[in-house]
$ cat work.csv   # CSV, C-alpha atoms
chain,number,residue,atom,x,y,z
A,15,GLU,CA,198.7,183.9,216.0
A,16,PHE,CA,199.4,182.3,212.6
A,17,GLU,CA,196.6,179.8,213.2
A,18,LEU,CA,194.2,182.7,213.7
A,19,LEU,CA,195.4,184.4,210.5
A,20,LYS,CA,194.7,181.2,208.6
A,21,GLN,CA,191.4,180.6,210.4
A,22,PHE,CA,190.0,184.0,209.3
A,23,ASN,CA,191.4,183.6,205.8
A,24,THR,CA,193.4,186.8,206.3
A,25,TYR,CA,195.8,186.4,203.4
A,26,GLU,CA,197.0,184.4,200.4
A,27,GLU,CA,200.6,183.6,199.6
A,28,ILE,CA,202.0,184.7,196.3
A,29,ASP,CA,205.5,184.6,194.8
A,30,LEU,CA,207.4,187.9,194.9
A,31,LYS,CA,208.5,187.4,191.3
A,32,THR,CA,204.9,187.8,190.2
A,33,LEU,CA,204.7,191.4,191.4
A,34,THR,CA,205.4,194.4,189.2
A,35,ASP,CA,208.0,196.9,190.3
A,36,ARG,CA,205.2,199.3,191.3
A,37,GLN,CA,203.6,196.6,193.5
A,38,LYS,CA,206.9,195.8,195.1
A,39,GLU,CA,207.3,199.4,196.2
A,40,THR,CA,204.0,199.2,198.2
A,41,ILE,CA,205.0,196.2,200.3
A,42,ILE,CA,204.3,196.8,204.0
A,43,TYR,CA,206.5,195.3,206.7
A,44,THR,CA,205.2,193.8,210.0
A,45,MET,CA,206.3,193.7,213.6
A,46,TRP,CA,205.3,191.8,216.7
A,47,VAL,CA,203.6,193.7,219.5
A,48,ILE,CA,203.8,191.9,222.9
A,49,VAL,CA,201.2,192.7,225.5
A,50,GLU,CA,201.1,191.6,229.2
A,51,LYS,CA,197.8,191.2,230.9
A,52,GLU,CA,196.9,190.3,234.5
A,53,ASN,CA,194.4,187.4,234.8
A,54,ASP,CA,193.5,185.9,238.2
A,55,GLY,CA,196.9,187.1,239.6
A,56,LYS,CA,198.8,185.6,236.7
A,57,THR,CA,200.7,187.5,234.0
A,58,ILE,CA,199.8,186.4,230.5
A,59,ARG,CA,201.8,187.4,227.5
A,60,LYS,CA,200.2,187.7,224.1
A,61,GLY,CA,201.8,188.4,220.8
A,62,ARG,CA,200.0,190.2,218.0
A,63,LEU,CA,201.3,190.5,214.5
A,64,CYS,CA,200.8,194.1,213.3
A,65,ALA,CA,201.4,195.7,209.9
A,66,LYS,CA,203.4,199.0,209.9
A,67,GLY,CA,200.4,200.9,208.7
A,68,PHE,CA,202.3,204.2,208.5
A,69,GLN,CA,204.1,202.8,205.4
A,70,GLU,CA,200.9,202.6,203.4
A,71,MET,CA,200.4,205.7,201.3
A,72,ALA,CA,196.8,205.1,200.2
A,73,GLU,CA,194.1,207.3,201.6
A,74,VAL,CA,191.5,205.2,203.4
A,75,ARG,CA,188.4,206.0,205.5
A,76,THR,CA,189.3,205.3,209.2
A,77,ASP,CA,186.3,206.4,211.3
A,78,SER,CA,184.9,203.6,213.5
A,79,PRO,CA,182.2,204.8,216.1
A,80,THR,CA,182.2,203.5,219.6
A,81,ILE,CA,179.7,203.9,222.3
A,82,SER,CA,180.1,207.1,224.4
A,83,LYS,CA,180.0,207.0,228.2
A,84,GLN,CA,176.8,209.1,228.2
A,85,ALA,CA,175.0,206.7,225.9
A,86,LEU,CA,176.3,203.8,227.9
A,87,ARG,CA,174.5,205.2,231.0
A,88,VAL,CA,171.3,205.4,229.0
A,89,VAL,CA,171.7,201.8,227.9
A,90,ILE,CA,172.1,200.6,231.5
A,91,ALA,CA,169.2,202.7,232.6
A,92,VAL,CA,166.9,201.3,229.9
A,93,ILE,CA,168.0,197.7,230.8
A,94,VAL,CA,167.1,198.3,234.5
A,95,ALA,CA,163.8,200.1,233.7
A,96,LYS,CA,162.7,197.2,231.5
A,97,GLY,CA,163.7,194.6,234.1
A,98,TRP,CA,166.2,192.8,231.7
A,99,LYS,CA,169.4,191.1,232.6
A,100,ILE,CA,172.6,192.9,231.6
A,101,CYS,CA,175.0,190.9,229.5
A,102,SER,CA,178.4,191.3,227.8
A,103,VAL,CA,180.5,189.4,225.3
A,104,ASP,CA,183.7,190.2,223.5
A,105,ALA,CA,185.0,189.2,220.1
A,106,LYS,CA,188.3,187.3,219.7
A,107,SER,CA,190.8,188.8,217.3
A,108,ALA,CA,188.1,191.2,216.2
A,109,PHE,CA,189.9,193.1,213.5
A,110,LEU,CA,190.7,189.8,211.7
A,111,GLN,CA,186.9,189.3,211.5
A,112,GLY,CA,186.3,192.5,209.6
A,113,THR,CA,185.0,193.0,206.1
A,114,ASN,CA,187.1,191.9,203.1
A,115,ILE,CA,189.7,194.4,202.0
A,116,GLU,CA,188.8,196.3,198.8
A,117,ARG,CA,192.3,197.4,197.8
A,118,GLU,CA,195.5,195.7,197.0
A,119,VAL,CA,197.8,195.4,200.1
A,120,PHE,CA,201.0,193.4,200.1
A,121,ILE,CA,202.6,192.3,203.3
A,122,LYS,CA,206.1,191.0,203.9
A,123,PRO,CA,205.7,188.0,206.3
A,124,PRO,CA,207.6,188.0,209.6
A,125,ARG,CA,210.8,186.0,209.8
A,126,GLU,CA,209.2,183.4,212.0
A,127,PHE,CA,206.9,182.5,209.0
A,128,GLU,CA,209.4,182.8,206.2
A,129,GLY,CA,211.7,180.0,207.0
A,130,LYS,CA,213.3,179.0,203.7
A,131,PHE,CA,210.6,180.6,201.7
A,132,THR,CA,212.1,184.1,201.6
A,133,LYS,CA,210.4,185.0,198.3
A,134,THR,CA,206.8,184.6,199.6
A,135,ILE,CA,204.6,187.7,200.0
A,136,TRP,CA,201.2,188.0,201.5
A,137,ARG,CA,198.3,189.6,199.6
A,138,LEU,CA,195.7,190.5,202.2
A,139,ARG,CA,192.1,189.4,201.9
A,140,LYS,CA,191.2,191.1,205.2
A,141,VAL,CA,192.7,194.0,207.1
A,142,LEU,CA,195.6,193.2,209.4
A,143,TYR,CA,196.1,194.8,212.8
A,144,GLY,CA,198.1,198.0,212.4
A,145,LEU,CA,196.5,199.1,209.1
A,146,LYS,CA,194.7,202.5,209.4
A,147,ASP,CA,191.3,201.2,208.5
A,148,ALA,CA,191.4,198.0,210.6
A,149,PRO,CA,189.0,199.3,213.3
A,150,ARG,CA,186.5,200.5,210.6
A,151,ALA,CA,186.5,197.2,208.8
A,152,TRP,CA,185.4,195.5,212.0
A,153,TYR,CA,182.8,198.2,212.8
A,154,VAL,CA,181.3,198.0,209.3
A,155,ARG,CA,180.9,194.2,209.4
A,156,VAL,CA,179.2,194.4,212.8
A,157,ASP,CA,177.0,197.3,211.7
A,158,GLN,CA,175.9,195.4,208.6
A,159,PHE,CA,175.2,192.2,210.5
A,160,LEU,CA,173.2,193.8,213.3
A,161,LYS,CA,171.1,195.7,210.8
A,162,SER,CA,170.5,192.5,208.8
A,163,LEU,CA,168.9,191.1,212.0
A,164,GLY,CA,166.5,194.1,212.2
A,165,CYS,CA,168.4,196.3,214.6
A,166,LYS,CA,168.5,200.1,214.0
A,167,SER,CA,171.3,202.4,215.0
A,168,VAL,CA,170.9,205.8,216.5
A,169,THR,CA,172.0,208.7,214.3
A,170,ALA,CA,173.7,210.5,217.1
A,171,GLU,CA,175.2,207.3,218.4
A,172,PRO,CA,176.1,205.0,215.5
A,173,ALA,CA,177.4,202.3,218.0
A,174,LEU,CA,174.1,202.1,219.8
A,175,TYR,CA,171.4,199.8,218.4
A,176,PHE,CA,167.7,199.2,219.3
A,177,PHE,CA,165.8,196.1,218.4
A,178,VAL,CA,162.1,197.0,217.9
A,179,VAL,CA,159.4,194.6,216.8
A,180,GLU,CA,155.9,195.9,216.1
A,181,ASP,CA,156.6,199.2,217.9
A,182,ARG,CA,157.8,197.4,221.0
A,183,LEU,CA,161.4,197.7,222.3
A,184,GLU,CA,162.7,194.1,222.6
A,185,GLY,CA,166.4,194.8,223.2
A,186,VAL,CA,169.3,197.2,223.1
A,187,ILE,CA,172.9,196.6,222.3
A,188,ALA,CA,176.0,198.9,222.5
A,189,THR,CA,179.4,198.3,220.9
A,190,HIS,CA,182.8,199.4,221.9
A,191,VAL,CA,185.4,198.1,219.5
A,192,ASP,CA,185.3,194.3,220.2
A,193,ASP,CA,183.0,194.5,223.3
A,194,PHE,CA,179.2,194.2,223.3
A,195,LEU,CA,176.9,195.3,226.1
A,196,MET,CA,173.3,194.3,225.8
A,197,GLY,CA,170.0,193.4,227.4
A,198,GLY,CA,166.6,192.4,226.2
A,199,THR,CA,163.7,190.0,226.0
A,200,GLU,CA,163.9,186.3,225.1
A,201,LYS,CA,163.0,187.3,221.5
A,202,PHE,CA,166.0,189.6,221.5
A,203,HIS,CA,168.3,186.9,222.7
A,204,SER,CA,167.0,184.3,220.2
A,205,GLN,CA,166.9,186.6,217.2
A,206,VAL,CA,169.9,188.9,217.8
A,207,VAL,CA,172.3,187.6,220.5
A,208,GLY,CA,172.2,184.0,219.4
A,209,PRO,CA,172.9,184.8,215.7
A,210,LEU,CA,175.6,187.4,216.7
A,211,MET,CA,177.5,184.8,218.8
A,212,GLY,CA,177.2,182.4,215.9
A,213,GLU,CA,178.4,184.8,213.2
A,214,PHE,CA,181.6,185.9,215.1
A,215,VAL,CA,184.2,184.1,217.1
A,216,VAL,CA,183.5,185.4,220.6
A,217,GLY,CA,184.1,184.5,224.3
A,218,GLU,CA,181.6,183.3,226.8
A,219,LEU,CA,178.5,185.4,227.4
A,220,GLU,CA,178.9,187.2,230.8
A,221,ILE,CA,175.7,187.9,232.7
A,222,GLU,CA,175.1,190.3,235.6
A,223,LYS,CA,178.7,190.6,236.7
A,224,PHE,CA,181.6,191.7,234.5
A,225,VAL,CA,183.9,194.6,233.5
A,226,PHE,CA,183.0,196.8,230.5
A,227,CYS,CA,185.1,199.8,229.3
A,228,GLY,CA,186.8,200.0,232.7
A,229,TRP,CA,183.5,199.8,234.6
A,230,LYS,CA,182.9,197.0,237.0
A,231,ILE,CA,179.2,196.2,236.5
A,232,GLU,CA,177.2,194.1,238.9
A,233,GLN,CA,173.4,193.5,238.8
A,234,SER,CA,171.5,192.6,241.9
A,235,LYS,CA,168.7,190.1,242.3
A,236,ASP,CA,166.2,193.0,242.4
A,237,GLY,CA,167.4,194.2,239.0
A,238,SER,CA,169.4,197.2,240.1
A,239,ILE,CA,172.8,197.7,238.6
A,240,LYS,CA,175.9,199.0,240.4
A,241,ILE,CA,178.8,200.5,238.5
A,242,ASP,CA,182.2,200.6,240.4
A,243,ILE,CA,185.3,202.3,239.0
A,244,GLU,CA,187.3,202.3,242.2
A,245,HIS,CA,190.0,200.1,240.7
A,246,ALA,CA,190.4,202.5,237.8
A,247,ILE,CA,190.6,205.5,240.1
A,248,LYS,CA,193.3,203.8,242.1
A,249,ALA,CA,195.3,202.9,239.0
A,250,ILE,CA,195.2,206.5,237.8
A,251,SER,CA,195.9,208.0,241.2
A,252,ASP,CA,199.0,205.7,241.4
A,253,LYS,CA,200.5,207.6,238.5
A,254,GLN,CA,202.2,210.0,240.7
A,255,VAL,CA,204.7,212.4,239.2
A,256,ASP,CA,208.1,212.1,240.6
A,257,MET,CA,208.9,215.8,240.9
A,258,GLU,CA,212.5,215.1,242.1
A,259,GLU,CA,213.3,214.1,238.5
A,260,LEU,CA,212.4,217.6,237.4
A,261,LYS,CA,214.1,219.4,240.3
A,262,GLY,CA,215.8,222.6,239.3
A,263,MET,CA,213.6,223.3,236.2
A,264,LYS,CA,212.1,226.7,235.7
A,265,LYS,CA,208.3,226.9,235.6
A,266,ASP,CA,208.2,227.9,231.9
A,267,GLN,CA,210.9,225.5,230.8
A,268,LEU,CA,209.9,222.9,228.2
A,269,LEU,CA,209.8,219.3,229.1
A,270,SER,CA,212.0,216.7,227.5
A,271,ASP,CA,210.6,214.3,224.9
A,272,ILE,CA,210.4,211.6,227.5
A,273,TRP,CA,208.5,213.8,229.9
A,274,GLN,CA,206.2,215.1,227.1
A,275,LYS,CA,205.2,211.4,226.6
A,276,LYS,CA,204.6,210.9,230.3
A,277,PHE,CA,202.6,214.1,230.4
A,278,ARG,CA,200.3,212.9,227.6
A,279,SER,CA,199.8,209.6,229.4
A,280,ILE,CA,198.8,211.2,232.6
A,281,VAL,CA,196.4,213.7,231.0
A,282,GLY,CA,194.9,210.9,228.9
A,283,SER,CA,194.1,209.0,232.1
A,284,LEU,CA,192.6,212.0,233.7
A,285,ASN,CA,190.5,212.7,230.6
A,286,TRP,CA,189.1,209.1,230.8
A,287,LEU,CA,188.2,209.7,234.4
A,288,ALA,CA,186.6,213.0,233.7
A,289,ILE,CA,184.3,211.4,231.1
A,290,SER,CA,183.6,208.3,233.2
A,291,ALA,CA,182.9,209.7,236.6
A,292,LEU,CA,184.4,213.1,237.6
A,293,PRO,CA,183.0,215.8,235.3
A,294,GLU,CA,184.1,218.4,237.9
A,295,ILE,CA,187.7,218.0,236.7
A,296,SER,CA,186.8,218.3,232.9
A,297,PHE,CA,187.8,221.9,232.4
A,298,ARG,CA,191.2,221.6,234.1
A,299,VAL,CA,191.9,218.4,232.1
A,300,MET,CA,190.9,220.2,228.8
A,301,VAL,CA,193.3,223.0,229.6
A,302,LEU,CA,196.1,220.5,230.2
A,303,SER,CA,195.3,218.7,226.9
A,304,THR,CA,196.1,221.9,224.9
A,305,LYS,CA,199.7,221.6,226.1
A,306,PHE,CA,200.5,218.4,224.3
A,307,GLY,CA,203.9,218.6,222.5
A,308,SER,CA,204.7,221.9,224.2
A,309,ALA,CA,204.2,221.1,227.9
A,310,GLU,CA,206.2,223.1,230.4
A,311,PHE,CA,207.3,222.3,234.0
A,312,GLN,CA,204.4,224.2,235.4
A,313,ASP,CA,201.9,222.1,233.4
A,314,THR,CA,203.4,219.0,235.0
A,315,ARG,CA,202.9,220.5,238.4
A,316,LYS,CA,199.2,221.2,237.6
A,317,ALA,CA,198.7,217.6,236.5
A,318,SER,CA,200.5,216.3,239.6
A,319,LYS,CA,198.2,218.3,241.8
A,320,LEU,CA,195.1,217.1,240.0
A,321,LEU,CA,196.2,213.5,240.6
A,322,GLN,CA,196.4,214.2,244.3
A,323,VAL,CA,192.8,215.6,244.5
A,324,ARG,CA,191.2,213.7,247.3
A,325,SER,CA,188.1,212.9,245.2
A,326,LEU,CA,190.2,210.6,243.0
A,327,MET,CA,190.7,208.3,246.0
A,328,ASP,CA,187.0,208.1,246.8
A,329,SER,CA,184.9,205.3,245.3
A,330,LYS,CA,182.5,206.8,242.8
A,331,ASP,CA,180.0,204.0,242.7
A,332,LYS,CA,176.8,204.6,240.8
A,333,VAL,CA,173.6,202.6,241.3
A,334,TYR,CA,170.8,202.3,238.8
A,335,SER,CA,167.7,201.4,240.7
A,336,THR,CA,164.8,199.3,239.4
A,337,PHE,CA,163.1,202.5,238.4
A,338,GLY,CA,166.0,203.6,236.2
A,339,LYS,CA,166.8,206.5,238.5
A,340,LEU,CA,170.5,207.3,238.9
A,341,VAL,CA,171.7,207.7,242.4
A,342,CYS,CA,175.3,208.7,243.3
A,343,LEU,CA,176.6,207.3,246.5
$ encode --input "work.csv" --output "structure tokens"
Amino acid sequence: EFELLKQFNTYEEIDLKTLTDRQKETIIYTMWVIVEKENDGKTIRKGRLCAKGFQEMAEVRTDSPTISKQALRVVIAVIVAKGWKICSVDAKSAFLQGTNIEREVFIKPPREFEGKFTKTIWRLRKVLYGLKDAPRAWYVRVDQFLKSLGCKSVTAEPALYFFVVEDRLEGVIATHVDDFLMGGTEKFHSQVVGPLMGEFVVGELEIEKFVFCGWKIEQSKDGSIKIDIEHAIKAISDKQVDMEELKGMKKDQLLSDIWQKKFRSIVGSLNWLAISALPEISFRVMVLSTKFGSAEFQDTRKASKLLQVRSLMDSKDKVYSTFGKLVCL
């Protein structure tokens, strides 16, 4: 992690003694966030150094558009209709590759870095994970670079870009935080995809078969594209509520803080599913989401019943044919 911070020129070291009393009061502390991921049946642990962004009092702009599921379907339909190959690539340590920071932010290094140099402070050159505007700094840099290549964003979907040359659509690219989904002609790949992968530190370009935003995407030889979210549906349906733990509660009794958190997690998963594949549960999920922070036992029962809906267990594959027509199986 430290090597990545140095590679992206994230900070400069300064002596604590050089700071004014006012600057010392603004020093932000850090913490390690450990994430476990499954990869080919193996559990991989990854540590990320994050700033405690809530300690920063400065008001900063934080909006960072991402592609909506509706627009994502349009992108896939366009790729199929044009006969292009669908591709995806993800950026590594994306937030560290964002724009340079325009304000003064001082960070206290973690103990693992300090060693005997306890009087060293970091002055950030780029935003660090955990800061409120970290996602926006990344989005702004990507947006500026894609537009410098000739891409144009859509007003209603700022994370969707079209590459048009002489009134001819040559390619389309959608961004979702650090993931890119795209398709286009050879000109698009040489003038946009190639420079994009050269500008940022990214993984390997995945073609025709990959996972994007929880969707398993697979393109056939005839150009049609299949979207499979069965694995996501199964993961969500496995979040069964153990009602035995709530036994004896009255229906209008407020949940404990622990169960309020569990309730938000379940409703959040259901909301993702409603947007991605099951619009028929949207209204019920919306009603449940109004109960955040004040959920009662009866709300948990409703969420539990929604998890048990048989449709959640059914595969909701979608196939985009070579004519760009959506067919639900």
$ closest_atom_pairs --input "work.csv" --of "stretch 292-313 of chain A" --to "stretch 257-274 of chain A" --cutoff "7 Å" --atoms "all atoms listed in the file" --output "tab-separated table"
residue	atom	partner	partner_atom	distance
A:Gly307	CA	A:Gln274	CA	6.2
A:Ser308	CA	A:Leu268	CA	6.6
A:Ala309	CA	A:Leu268	CA	6.0
A:Glu310	CA	A:Leu268	CA	4.3
A:Phe311	CA	A:Lys265	CA	5.0
A:Gln312	CA	A:Lys265	CA	4.7
$ atom_distance --input "work.csv" --atom1 "atom CA of A:Thr113" --atom2 "atom CA of A:Phe22"
10.8 Å
$ residues_around --input "work.csv" --residues "stretch 75-91 of chain A" --least-positions-apart "3" --cutoff "6 Å" --atoms "only C-alpha atoms" --output "JSON, numbers by chain"
{"A": [94, 147, 149, 150, 153, 173, 189, 190, 338]}
$ atom_distance --input "work.csv" --atom1 "atom CA of A:Lys276" --atom2 "atom CA of A:Leu142"
28.8 Å
$ atom_distance --input "work.csv" --atom1 "atom CA of A:Glu26" --atom2 "atom CA of A:Ile42"
14.8 Å
$ residues_near_point --input "work.csv" --point "(190.2, 185.5, 211.5)" --cutoff "10 Å" --atoms "all atoms listed in the file" --output "JSON, numbers by chain"
{"A": [15, 16, 17, 18, 19, 20, 21, 22, 23, 24, 25, 106, 107, 108, 109, 110, 111, 112, 140, 141, 142, 214, 215]}
$ write_last_selection --input "work.csv" --atoms "C-alpha atoms" --output "JSON list (two decimals), keeping the file's coordinate frame"
[["chain", "number", "residue", "atom", "x", "y", "z"],
["A", 15, "GLU", "CA", 198.70, 183.90, 216.00],
["A", 16, "PHE", "CA", 199.40, 182.30, 212.60],
["A", 17, "GLU", "CA", 196.60, 179.80, 213.20],
["A", 18, "LEU", "CA", 194.20, 182.70, 213.70],
["A", 19, "LEU", "CA", 195.40, 184.40, 210.50],
["A", 20, "LYS", "CA", 194.70, 181.20, 208.60],
["A", 21, "GLN", "CA", 191.40, 180.60, 210.40],
["A", 22, "PHE", "CA", 190.00, 184.00, 209.30],
["A", 23, "ASN", "CA", 191.40, 183.60, 205.80],
["A", 24, "THR", "CA", 193.40, 186.80, 206.30],
["A", 25, "TYR", "CA", 195.80, 186.40, 203.40],
["A", 106, "LYS", "CA", 188.30, 187.30, 219.70],
["A", 107, "SER", "CA", 190.80, 188.80, 217.30],
["A", 108, "ALA", "CA", 188.10, 191.20, 216.20],
["A", 109, "PHE", "CA", 189.90, 193.10, 213.50],
["A", 110, "LEU", "CA", 190.70, 189.80, 211.70],
["A", 111, "GLN", "CA", 186.90, 189.30, 211.50],
["A", 112, "GLY", "CA", 186.30, 192.50, 209.60],
["A", 140, "LYS", "CA", 191.20, 191.10, 205.20],
["A", 141, "VAL", "CA", 192.70, 194.00, 207.10],
["A", 142, "LEU", "CA", 195.60, 193.20, 209.40],
["A", 214, "PHE", "CA", 181.60, 185.90, 215.10],
["A", 215, "VAL", "CA", 184.20, 184.10, 217.10]]
$ residues_around --input "work.csv" --residues "stretch 161-167 of chain A" --least-positions-apart "5" --cutoff "12 Å" --atoms "only C-alpha atoms" --output "ChimeraX atom specification"
/A:79-81,154-156,172-180,183-189,201-210,213
$ residues_around --input "work.csv" --residues "A:Lys230" --least-positions-apart "3" --cutoff "8 Å" --atoms "only C-alpha atoms" --output "MDAnalysis selection string"
chainID A and resid 223:226 241:243
$ residues_around --input "work.csv" --residues "A:Gly144" --least-positions-apart "3" --cutoff "8 Å" --atoms "all atoms listed in the file" --output "PDB file with C-alpha atoms, keeping the file's coordinate frame"
ATOM      1  CA  CYS A  64     200.800 194.100 213.300  1.00  0.00           C
ATOM      2  CA  ALA A  65     201.400 195.700 209.900  1.00  0.00           C
ATOM      3  CA  LYS A  66     203.400 199.000 209.900  1.00  0.00           C
ATOM      4  CA  GLY A  67     200.400 200.900 208.700  1.00  0.00           C
ATOM      5  CA  ALA A 148     191.400 198.000 210.600  1.00  0.00           C
TER       6      ALA A 148
END
$ closest_residue --input "work.csv" --among "A:Ser283, A:Gln37, A:Ser290, A:Thr199" --to "A:Ile121" --atoms "only C-alpha atoms"
A:Gln37
$ closest_residue --input "work.csv" --among "A:Thr34, A:Gln322, A:Thr44, A:Thr304" --to "A:Arg62" --atoms "all atoms listed in the file"
A:Thr44
$ closest_residue --input "work.csv" --among "A:Val168, A:Leu33, A:Ile28, A:Ile100" --to "A:Gln233" --atoms "all atoms listed in the file"
A:Ile100
